[in-house]
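Student: Sharing structure.cif, mmCIF, C-alpha atoms and all ligand atoms:
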```cif
data_final
loop_
_atom_site.group_PDB
_atom_site.id
_atom_site.type_symbol
_atom_site.label_atom_id
_atom_site.label_comp_id
_atom_site.auth_asym_id
_atom_site.auth_seq_id
_atom_site.Cartn_x
_atom_site.Cartn_y
_atom_site.Cartn_z
ATOM 1 C CA ASP A 16 175.063 47.048 158.451
ATOM 2 C CA HIS A 17 173.864 49.188 155.534
ATOM 3 C CA GLY A 18 172.054 46.193 154.045
ATOM 4 C CA TYR A 19 175.298 44.281 153.492
ATOM 5 C CA GLY A 20 174.484 41.732 156.218
ATOM 6 C CA PRO A 21 173.916 38.752 153.901
ATOM 7 C CA ASP A 22 177.330 39.273 152.250
ATOM 8 C CA ILE A 23 179.351 39.384 155.501
ATOM 9 C CA ASP A 24 181.171 36.233 156.573
ATOM 10 C CA HIS A 25 182.705 37.403 159.830
ATOM 11 C CA VAL A 26 183.654 40.665 161.512
ATOM 12 C CA LEU A 27 187.416 40.879 162.015
ATOM 13 C CA LEU A 28 187.543 44.256 163.774
ATOM 14 C CA SER A 29 184.510 45.907 165.341
ATOM 15 C CA GLU A 30 183.713 49.595 165.197
ATOM 16 C CA GLU A 31 184.741 49.907 168.854
ATOM 17 C CA GLN A 32 188.089 48.140 168.317
ATOM 18 C CA ILE A 33 188.853 50.458 165.398
ATOM 19 C CA GLN A 34 187.897 53.628 167.271
ATOM 20 C CA ASP A 35 189.870 52.602 170.372
ATOM 21 C CA LYS A 36 192.940 51.984 168.221
ATOM 22 C CA ILE A 37 192.580 55.374 166.545
ATOM 23 C CA THR A 38 192.461 57.057 169.962
ATOM 24 C CA GLU A 39 195.630 55.177 170.941
ATOM 25 C CA LEU A 40 197.482 56.027 167.696
ATOM 26 C CA ALA A 41 196.422 59.680 167.901
ATOM 27 C CA GLY A 42 197.699 59.908 171.467
ATOM 28 C CA GLN A 43 201.087 58.507 170.512
ATOM 29 C CA ILE A 44 201.377 60.700 167.429
ATOM 30 C CA ALA A 45 200.319 63.860 169.323
ATOM 31 C CA GLN A 46 203.248 63.225 171.692
ATOM 32 C CA ASP A 47 205.728 62.518 168.902
ATOM 33 C CA TYR A 48 204.726 65.597 166.895
ATOM 34 C CA ALA A 49 204.197 68.013 169.809
ATOM 35 C CA GLY A 50 204.891 71.597 168.753
ATOM 36 C CA ARG A 51 204.804 70.767 165.058
ATOM 37 C CA GLU A 52 202.107 71.258 162.477
ATOM 38 C CA VAL A 53 201.294 67.991 160.727
ATOM 39 C CA LEU A 54 200.320 67.631 157.100
ATOM 40 C CA LEU A 55 198.159 64.553 156.791
ATOM 41 C CA VAL A 56 198.225 62.934 153.371
ATOM 42 C CA GLY A 57 195.321 60.546 152.914
ATOM 43 C CA VAL A 58 195.528 57.930 150.197
ATOM 44 C CA LEU A 59 192.223 57.888 148.328
ATOM 45 C CA LYS A 60 189.882 56.265 148.433
ATOM 46 C CA GLY A 61 190.588 53.643 151.083
ATOM 47 C CA ALA A 62 191.942 55.987 153.745
ATOM 48 C CA VAL A 63 189.007 58.400 153.735
ATOM 49 C CA LEU A 64 187.211 57.039 156.807
ATOM 50 C CA PHE A 65 190.474 56.578 158.717
ATOM 51 C CA MET A 66 191.594 60.124 157.826
ATOM 52 C CA SER A 67 188.309 61.575 158.968
ATOM 53 C CA ASP A 68 188.285 59.833 162.356
ATOM 54 C CA PHE A 69 192.039 60.166 162.927
ATOM 55 C CA ALA A 70 192.124 63.921 162.220
ATOM 56 C CA ARG A 71 189.380 64.454 164.788
ATOM 57 C CA ALA A 72 191.148 62.301 167.382
ATOM 58 C CA LEU A 73 194.539 63.967 166.923
ATOM 59 C CA GLN A 74 194.859 66.879 169.321
ATOM 60 C CA LEU A 75 197.223 68.835 167.051
ATOM 61 C CA PRO A 76 196.743 71.426 164.302
ATOM 62 C CA THR A 77 196.720 69.537 161.018
ATOM 63 C CA GLN A 78 196.347 70.245 157.363
ATOM 64 C CA MET A 79 194.841 67.668 155.022
ATOM 65 C CA GLU A 80 195.838 66.684 151.540
ATOM 66 C CA PHE A 81 194.765 63.745 149.432
ATOM 67 C CA MET A 82 196.428 61.708 146.793
ATOM 68 C CA ALA A 83 194.824 58.983 144.728
ATOM 69 C CA VAL A 84 196.802 56.051 143.444
ATOM 70 C CA SER A 85 195.560 52.671 142.413
ATOM 71 C CA SER A 86 197.107 49.243 142.485
ATOM 72 C CA TYR A 87 194.205 46.849 142.787
ATOM 73 C CA GLY A 88 191.835 47.840 140.016
ATOM 74 C CA SER A 89 188.702 45.956 140.954
ATOM 75 C CA ALA A 90 190.337 42.592 141.675
ATOM 76 C CA THR A 91 191.285 41.317 145.108
ATOM 77 C CA SER A 92 195.059 41.187 144.717
ATOM 78 C CA SER A 93 197.736 43.718 143.862
ATOM 79 C CA SER A 94 198.923 44.006 140.293
ATOM 80 C CA GLY A 95 202.115 45.838 141.192
ATOM 81 C CA VAL A 96 201.127 48.572 138.787
ATOM 82 C CA VAL A 97 200.681 51.884 140.614
ATOM 83 C CA ARG A 98 198.832 54.622 138.782
ATOM 84 C CA ILE A 99 198.568 58.199 139.982
ATOM 85 C CA LEU A 100 194.947 59.262 139.677
ATOM 86 C CA LYS A 101 195.079 62.520 141.636
ATOM 87 C CA ASP A 102 198.139 64.387 142.844
ATOM 88 C CA LEU A 103 198.500 66.638 145.904
ATOM 89 C CA ASP A 104 197.186 70.172 145.451
ATOM 90 C CA ARG A 105 200.225 71.840 147.003
ATOM 91 C CA ASP A 106 203.915 71.673 147.675
ATOM 92 C CA ILE A 107 204.997 69.625 150.718
ATOM 93 C CA ALA A 108 208.564 70.943 150.930
ATOM 94 C CA ASP A 109 209.570 71.569 154.569
ATOM 95 C CA LYS A 110 206.290 70.105 155.886
ATOM 96 C CA HIS A 111 205.969 67.315 158.419
ATOM 97 C CA VAL A 112 204.112 64.783 156.296
ATOM 98 C CA LEU A 113 202.239 61.872 157.809
ATOM 99 C CA VAL A 114 200.813 59.516 155.193
ATOM 100 C CA LEU A 115 197.604 57.790 156.252
ATOM 101 C CA GLU A 116 196.762 54.437 154.699
ATOM 102 C CA ASP A 117 193.944 52.031 155.396
ATOM 103 C CA ILE A 118 195.980 48.916 154.601
ATOM 104 C CA ILE A 119 199.421 47.736 153.588
ATOM 105 C CA ASP A 120 199.010 44.533 151.632
ATOM 106 C CA SER A 121 201.930 43.846 149.263
ATOM 107 C CA GLY A 122 203.467 47.219 150.190
ATOM 108 C CA LEU A 123 203.796 48.137 146.497
ATOM 109 C CA THR A 124 201.508 51.174 146.680
ATOM 110 C CA LEU A 125 203.222 52.678 149.695
ATOM 111 C CA SER A 126 206.725 51.877 148.544
ATOM 112 C CA TRP A 127 206.074 53.789 145.337
ATOM 113 C CA LEU A 128 204.311 56.610 147.183
ATOM 114 C CA LEU A 129 207.109 57.116 149.702
ATOM 115 C CA LYS A 130 209.694 57.432 146.941
ATOM 116 C CA ASN A 131 207.465 59.897 145.143
ATOM 117 C CA LEU A 132 206.719 62.036 148.220
ATOM 118 C CA GLY A 133 210.277 61.800 149.528
ATOM 119 C CA SER A 134 211.590 63.407 146.351
ATOM 120 C CA ARG A 135 209.524 66.517 147.169
ATOM 121 C CA ARG A 136 211.755 67.326 150.159
ATOM 122 C CA PRO A 137 209.367 67.232 153.130
ATOM 123 C CA ALA A 138 210.824 68.122 156.554
ATOM 124 C CA SER A 139 209.823 64.626 157.661
ATOM 125 C CA LEU A 140 207.894 61.733 156.145
ATOM 126 C CA GLU A 141 206.243 58.968 158.146
ATOM 127 C CA VAL A 142 203.428 56.493 157.623
ATOM 128 C CA CYS A 143 200.472 55.554 159.784
ATOM 129 C CA THR A 144 198.459 52.587 158.564
ATOM 130 C CA LEU A 145 195.383 51.174 160.222
ATOM 131 C CA LEU A 146 196.000 47.650 158.920
ATOM 132 C CA ARG A 147 198.940 45.615 157.736
ATOM 133 C CA LYS A 148 199.113 42.067 156.366
ATOM 134 C CA PRO A 149 202.574 40.812 157.330
ATOM 135 C CA ASP A 150 202.158 37.595 155.299
ATOM 136 C CA ALA A 151 201.373 39.447 152.067
ATOM 137 C CA VAL A 152 204.308 41.847 152.056
ATOM 138 C CA LYS A 153 206.387 41.831 148.857
ATOM 139 C CA VAL A 154 208.363 45.023 149.483
ATOM 140 C CA ASP A 155 209.481 46.157 152.897
ATOM 141 C CA VAL A 156 208.274 49.658 153.676
ATOM 142 C CA PRO A 157 209.340 51.611 156.750
ATOM 143 C CA VAL A 158 206.118 52.187 158.686
ATOM 144 C CA ARG A 159 206.253 54.074 161.948
ATOM 145 C CA TYR A 160 202.667 53.570 163.140
ATOM 146 C CA ILE A 161 200.590 50.414 162.673
ATOM 147 C CA GLY A 162 197.078 49.853 164.002
ATOM 148 C CA PHE A 163 196.569 46.116 163.531
ATOM 149 C CA ASP A 164 198.451 43.255 161.924
ATOM 150 C CA ILE A 165 195.843 41.034 160.303
ATOM 151 C CA PRO A 166 195.849 37.607 158.591
ATOM 152 C CA ASN A 167 196.272 37.371 154.836
ATOM 153 C CA GLU A 168 192.567 37.254 153.941
ATOM 154 C CA PHE A 169 190.635 39.716 151.823
ATOM 155 C CA VAL A 170 188.817 42.216 154.035
ATOM 156 C CA VAL A 171 186.350 45.026 153.382
ATOM 157 C CA GLY A 172 184.790 47.896 155.296
ATOM 158 C CA TYR A 173 185.957 51.093 156.948
ATOM 159 C CA GLY A 174 187.197 52.424 153.606
ATOM 160 C CA LEU A 175 188.267 49.099 152.113
ATOM 161 C CA ASP A 176 186.314 47.964 149.080
ATOM 162 C CA TYR A 177 185.571 44.985 146.946
ATOM 163 C CA ALA A 178 184.688 46.298 143.468
ATOM 164 C CA GLU A 179 183.993 49.714 145.065
ATOM 165 C CA ARG A 180 181.430 48.363 147.518
ATOM 166 C CA TYR A 181 181.477 48.014 151.332
ATOM 167 C CA ARG A 182 183.662 51.084 152.027
ATOM 168 C CA ASP A 183 180.853 52.579 154.098
ATOM 169 C CA LEU A 184 180.790 49.793 156.703
ATOM 170 C CA PRO A 185 181.946 51.050 160.129
ATOM 171 C CA TYR A 186 183.741 47.738 160.843
ATOM 172 C CA ILE A 187 186.182 45.453 159.016
ATOM 173 C CA ALA A 188 184.946 42.082 157.821
ATOM 174 C CA THR A 189 185.470 39.218 155.420
ATOM 175 C CA LEU A 190 182.988 38.411 152.673
ATOM 176 C CA LYS A 191 181.276 35.110 151.984
ATOM 177 C CA PRO A 192 182.928 33.193 149.123
ATOM 178 C CA GLU A 193 179.781 33.390 146.986
ATOM 179 C CA VAL A 194 180.078 37.196 146.857
ATOM 180 C CA TYR A 195 183.232 36.822 144.736
ATOM 181 C CA SER A 196 181.723 34.299 142.337
ATOM 182 C CA SER A 197 178.530 36.223 141.583
HETATM 183 C C1 LIG B 201 194.235 49.440 148.311
HETATM 184 C C2 LIG B 201 194.445 49.908 149.736
HETATM 185 C C3 LIG B 201 195.880 50.381 149.730
HETATM 186 C C4 LIG B 201 196.553 49.445 148.741
HETATM 187 C C5 LIG B 201 197.278 48.362 149.470
HETATM 188 O O1 LIG B 201 193.953 50.567 147.513
HETATM 189 O O2 LIG B 201 193.565 50.960 150.055
HETATM 190 O O3 LIG B 201 195.960 51.706 149.260
HETATM 191 O O4 LIG B 201 195.492 48.868 147.948
HETATM 192 O O5 LIG B 201 197.784 47.414 148.575
HETATM 193 P P1 LIG B 201 199.329 47.115 148.350
HETATM 194 O O6 LIG B 201 200.050 47.238 149.666
HETATM 195 O O7 LIG B 201 199.339 45.696 147.856
HETATM 196 O O8 LIG B 201 199.852 48.051 147.335
HETATM 197 P P2 LIG B 201 193.358 50.416 146.047
HETATM 198 O O9 LIG B 201 194.468 50.446 145.069
HETATM 199 O O10 LIG B 201 192.418 49.268 146.009
HETATM 200 O O11 LIG B 201 192.546 51.760 145.840
HETATM 201 P P3 LIG B 201 191.364 52.302 146.794
HETATM 202 O O12 LIG B 201 192.010 52.797 148.047
HETATM 203 O O13 LIG B 201 190.740 53.397 146.007
HETATM 204 O O14 LIG B 201 190.435 51.152 147.045
HETATM 205 MN MN MN B 202 193.988 52.555 148.747
HETATM 206 MG MG MG B 203 190.562 49.182 146.539
#
```
In structure tokens, what does this structure look like?

Tutor:
Amino acid sequence: DHGYGPDIDHVLLSEEQIQDKITELAGQIAQDYAGREVLLVGVLKGAVLFMSDFARALQLPTQMEFMAVSSYGSATSSSGVVRILKDLDRDIADKHVLVLEDIIDSGLTLSWLLKNLGSRRPASLEVCTLLRKPDAVKVDVPVRYIGFDIPNEFVVGYGLDYAERYRDLPYIATLKPEVYSS
């Protein structure tokens, strides 16, 4: 557990559950995109682990791009303010773009991102998110592929951070309350 053991309250999704879901999503998406080249757009930094495992599971030729936006800062809830920290390196016009996110919480990040990417005239634009919190949604975002719907609690691991820590955990977990107060 990378030495994080004492901070973990409970494991919500195990490494095996996550990897099985990625295999399932990749299978579905390989069928839906058969014959097309997919441009994966990973949303830094949270989606890095998901992108890495998903790209390997997807039996299709893919290109990878990354974009960094931030809505949380280092707190545990969305501010609604989306900042662009790193843009794509190339044009996505006429590409089949699949945005990969680790989590949709309020939906504010993705809602902004989809408008932004949509204005660049991709051939198609869809979203695949590993996690979604249905009870936290403030803006409805059209999401084609969803790994897990989870309860409205703060979770870390598998790319998700609390104050930049815990991203390297291979599973998704909640933290003990005392971690937030210290
Ligand atoms: C987190 C998460 C999503 C977004 C979801 O990213 O990775 O990208 O917030 O929140 P929302 O649906 O309420 O907008 P964050 O801004 O913390 O940046 P990070 O990926 O670098 O941790
Ligand atoms: Mn993120
Ligand atoms: Mg974050």

Student: Give me, as a tab-separated table, the closest atom pair and its distance (Å, one decimal) for every residue of chain A within a cut-off of 9 Å of ligand MN 202 (chain B), counting only C-alpha atoms and all ligand atoms, rows sorted by chain and rising number.

Tutor:
```
residue	atom	partner	partner_atom	distance
A:Val58	CA	B:MN202	MN	5.8
A:Leu59	CA	B:MN202	MN	5.6
A:Lys60	CA	B:MN202	MN	5.5
A:Gly61	CA	B:MN202	MN	4.3
A:Ala62	CA	B:MN202	MN	6.4
A:Ala83	CA	B:MN202	MN	7.6
A:Val84	CA	B:MN202	MN	6.9
A:Ser85	CA	B:MN202	MN	6.5
A:Ser86	CA	B:MN202	MN	7.7
A:Tyr87	CA	B:MN202	MN	8.3
A:Glu116	CA	B:MN202	MN	6.8
A:Asp117	CA	B:MN202	MN	6.7
A:Ile118	CA	B:MN202	MN	7.2
A:Ile119	CA	B:MN202	MN	8.7
A:Thr124	CA	B:MN202	MN	7.9
A:Gly174	CA	B:MN202	MN	8.4
A:Leu175	CA	B:MN202	MN	7.5
A:Asp176	CA	B:MN202	MN	8.9
```

Student: Would you mind exporting the chosen residues as an mmCIF file, in the coordinates of the input, restricted to C-alpha atoms?

Tutor:
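And here's again.cif as it stands now:
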```
data_model
loop_
_atom_site.group_PDB
_atom_site.id
_atom_site.type_symbol
_atom_site.label_atom_id
_atom_site.label_comp_id
_atom_site.auth_asym_id
_atom_site.auth_seq_id
_atom_site.Cartn_x
_atom_site.Cartn_y
_atom_site.Cartn_z
ATOM 1 C CA VAL A 58 195.528 57.930 150.197
ATOM 2 C CA LEU A 59 192.223 57.888 148.328
ATOM 3 C CA LYS A 60 189.882 56.265 148.433
ATOM 4 C CA GLY A 61 190.588 53.643 151.083
ATOM 5 C CA ALA A 62 191.942 55.987 153.745
ATOM 6 C CA ALA A 83 194.824 58.983 144.728
ATOM 7 C CA VAL A 84 196.802 56.051 143.444
ATOM 8 C CA SER A 85 195.560 52.671 142.413
ATOM 9 C CA SER A 86 197.107 49.243 142.485
ATOM 10 C CA TYR A 87 194.205 46.849 142.787
ATOM 11 C CA GLU A 116 196.762 54.437 154.699
ATOM 12 C CA ASP A 117 193.944 52.031 155.396
ATOM 13 C CA ILE A 118 195.980 48.916 154.601
ATOM 14 C CA ILE A 119 199.421 47.736 153.588
ATOM 15 C CA THR A 124 201.508 51.174 146.680
ATOM 16 C CA GLY A 174 187.197 52.424 153.606
ATOM 17 C CA LEU A 175 188.267 49.099 152.113
ATOM 18 C CA ASP A 176 186.314 47.964 149.080
#
```

Student: The PyMOL selection byres (((chain A and resi 139) around 8) and not hetatm) on the file shown: which residues, as a PyMOL selection string?

Tutor: chain A and resi 109-112+137-138+140-141

Student: Quick one: which segment 72-164 of chain A residues come within 10 Å of segment 30-50 of chain A, and what is the nearest atom pair for each with the distance in Å to one decimal, counting only C-alpha atoms, rows ordered by chain and ascending number, as JSON lines?

Tutor:
```
{"residue": "A:Ala72", "atom": "CA", "partner": "A:Ala41", "partner_atom": "CA", "distance": 5.9}
{"residue": "A:Leu73", "atom": "CA", "partner": "A:Ala41", "partner_atom": "CA", "distance": 4.8}
{"residue": "A:Gln74", "atom": "CA", "partner": "A:Ala45", "partner_atom": "CA", "distance": 6.2}
{"residue": "A:Leu75", "atom": "CA", "partner": "A:Ala45", "partner_atom": "CA", "distance": 6.3}
{"residue": "A:Pro76", "atom": "CA", "partner": "A:Gly50", "partner_atom": "CA", "distance": 9.3}
{"residue": "A:His111", "atom": "CA", "partner": "A:Tyr48", "partner_atom": "CA", "distance": 8.7}
{"residue": "A:Leu113", "atom": "CA", "partner": "A:Ile44", "partner_atom": "CA", "distance": 9.7}
{"residue": "A:Cys143", "atom": "CA", "partner": "A:Leu40", "partner_atom": "CA", "distance": 8.5}
{"residue": "A:Thr144", "atom": "CA", "partner": "A:Leu40", "partner_atom": "CA", "distance": 9.8}
{"residue": "A:Leu145", "atom": "CA", "partner": "A:Ile37", "partner_atom": "CA", "distance": 8.1}
{"residue": "A:Arg159", "atom": "CA", "partner": "A:Ile44", "partner_atom": "CA", "distance": 9.9}
{"residue": "A:Tyr160", "atom": "CA", "partner": "A:Leu40", "partner_atom": "CA", "distance": 7.3}
{"residue": "A:Ile161", "atom": "CA", "partner": "A:Leu40", "partner_atom": "CA", "distance": 8.1}
{"residue": "A:Gly162", "atom": "CA", "partner": "A:Lys36", "partner_atom": "CA", "distance": 6.3}
{"residue": "A:Phe163", "atom": "CA", "partner": "A:Lys36", "partner_atom": "CA", "distance": 8.3}
```

Student: For a quick check of understanding, using all atoms listed in the file, which of A:Lys191, A:Arg182, A:Lys101, A:Lys130 has the smallest distance to Asp24 of chain A?

Tutor: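 So, comparing all the options, the nearest one is A:Lys191.
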
Student: Using only C-alpha atoms, which residue out of A:Asn167, A:Asn131, A:Thr189, A:Ser29 lies closest to Leu103 of chain A?

Tutor: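 Ranked by minimum distance to Leu103 of chain A, first place goes to A:Asn131.
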
Student: Report, in Å to a single decimal, how far apart atom CA of Ala178 of chain A and atom O14 of ligand LIG 201 (chain B) are.

Tutor: 8.3 Å

Student: Would you please work out which residue, of A:Ile187, A:Leu125, A:Leu27, A:Met82, is nearest to Asp155 of chain A when using only C-alpha atoms?

Tutor: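 Answer, going by the shortest atom-to-atom distance: A:Leu125.
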
Student: Do you have the atom CA of Lys148 of chain A-atom CA of Leu54 of chain A distance handy?

Tutor: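 Computing the Euclidean distance for atom CA of Lys148 of chain A and atom CA of Leu54 of chain A yields 25.6 Å.
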
Student: Anything within 12 Å of (179.1, 35.0, 147.5): list those residues as a PyMOL selection string, counting only C-alpha atoms and sticking to the file's coordinates.

Tutor: chain A and resi 19-24+177+189-197

Student: Enclose segment 175-180 of chain A, meaning all of its atoms listed in the file, in a box aligned along x, y and z, pad it by 8 Å on each side, and list the centre and edge lengths in Å to one decimal, as lines of an AutoDock Vina configuration file.

Tutor:
```
center_x = 184.8
center_y = 47.3
center_z = 147.8
size_x = 22.8
size_y = 20.7
size_z = 24.6
```

Student: Find the distance between atom CA of Ile99 of chain A and atom CA of Val154 of chain A and write it in Å to one decimal.

Tutor: 19.0 Å

Student: Select, from A:Ala108, A:Val114, A:Leu132, A:Met79, the residue with the minimum atom-to-atom distance to ligand LIG 201 (chain B), counting all atoms listed in the file.

Tutor: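 Looking at the shortest contact to ligand LIG 201 (chain B), the residue is A:Val114.
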
Student: Written as JSON, numbers by chain, which residues does the PyMOL selection byres (((chain A and resi 151) around 8) and not hetatm) give for the file shown?

Tutor: {"A": [120, 121, 148, 149, 150, 152, 153, 167]}

Student: Looking at A:Asp183, A:Arg98, A:Asp106, A:Val142, which one is nearest to ligand LIG 201 (chain B), with distances taken over only C-alpha atoms and all ligand atoms?

Tutor: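 Of all the options, A:Arg98 lies closest to ligand LIG 201 (chain B).
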
Student: Using all atoms listed in the file, can you tell me which of A:Gln78, A:Gly133, A:Leu64, A:Arg105 comes closest to ligand LIG 201 (chain B)?

Tutor: A:Leu64
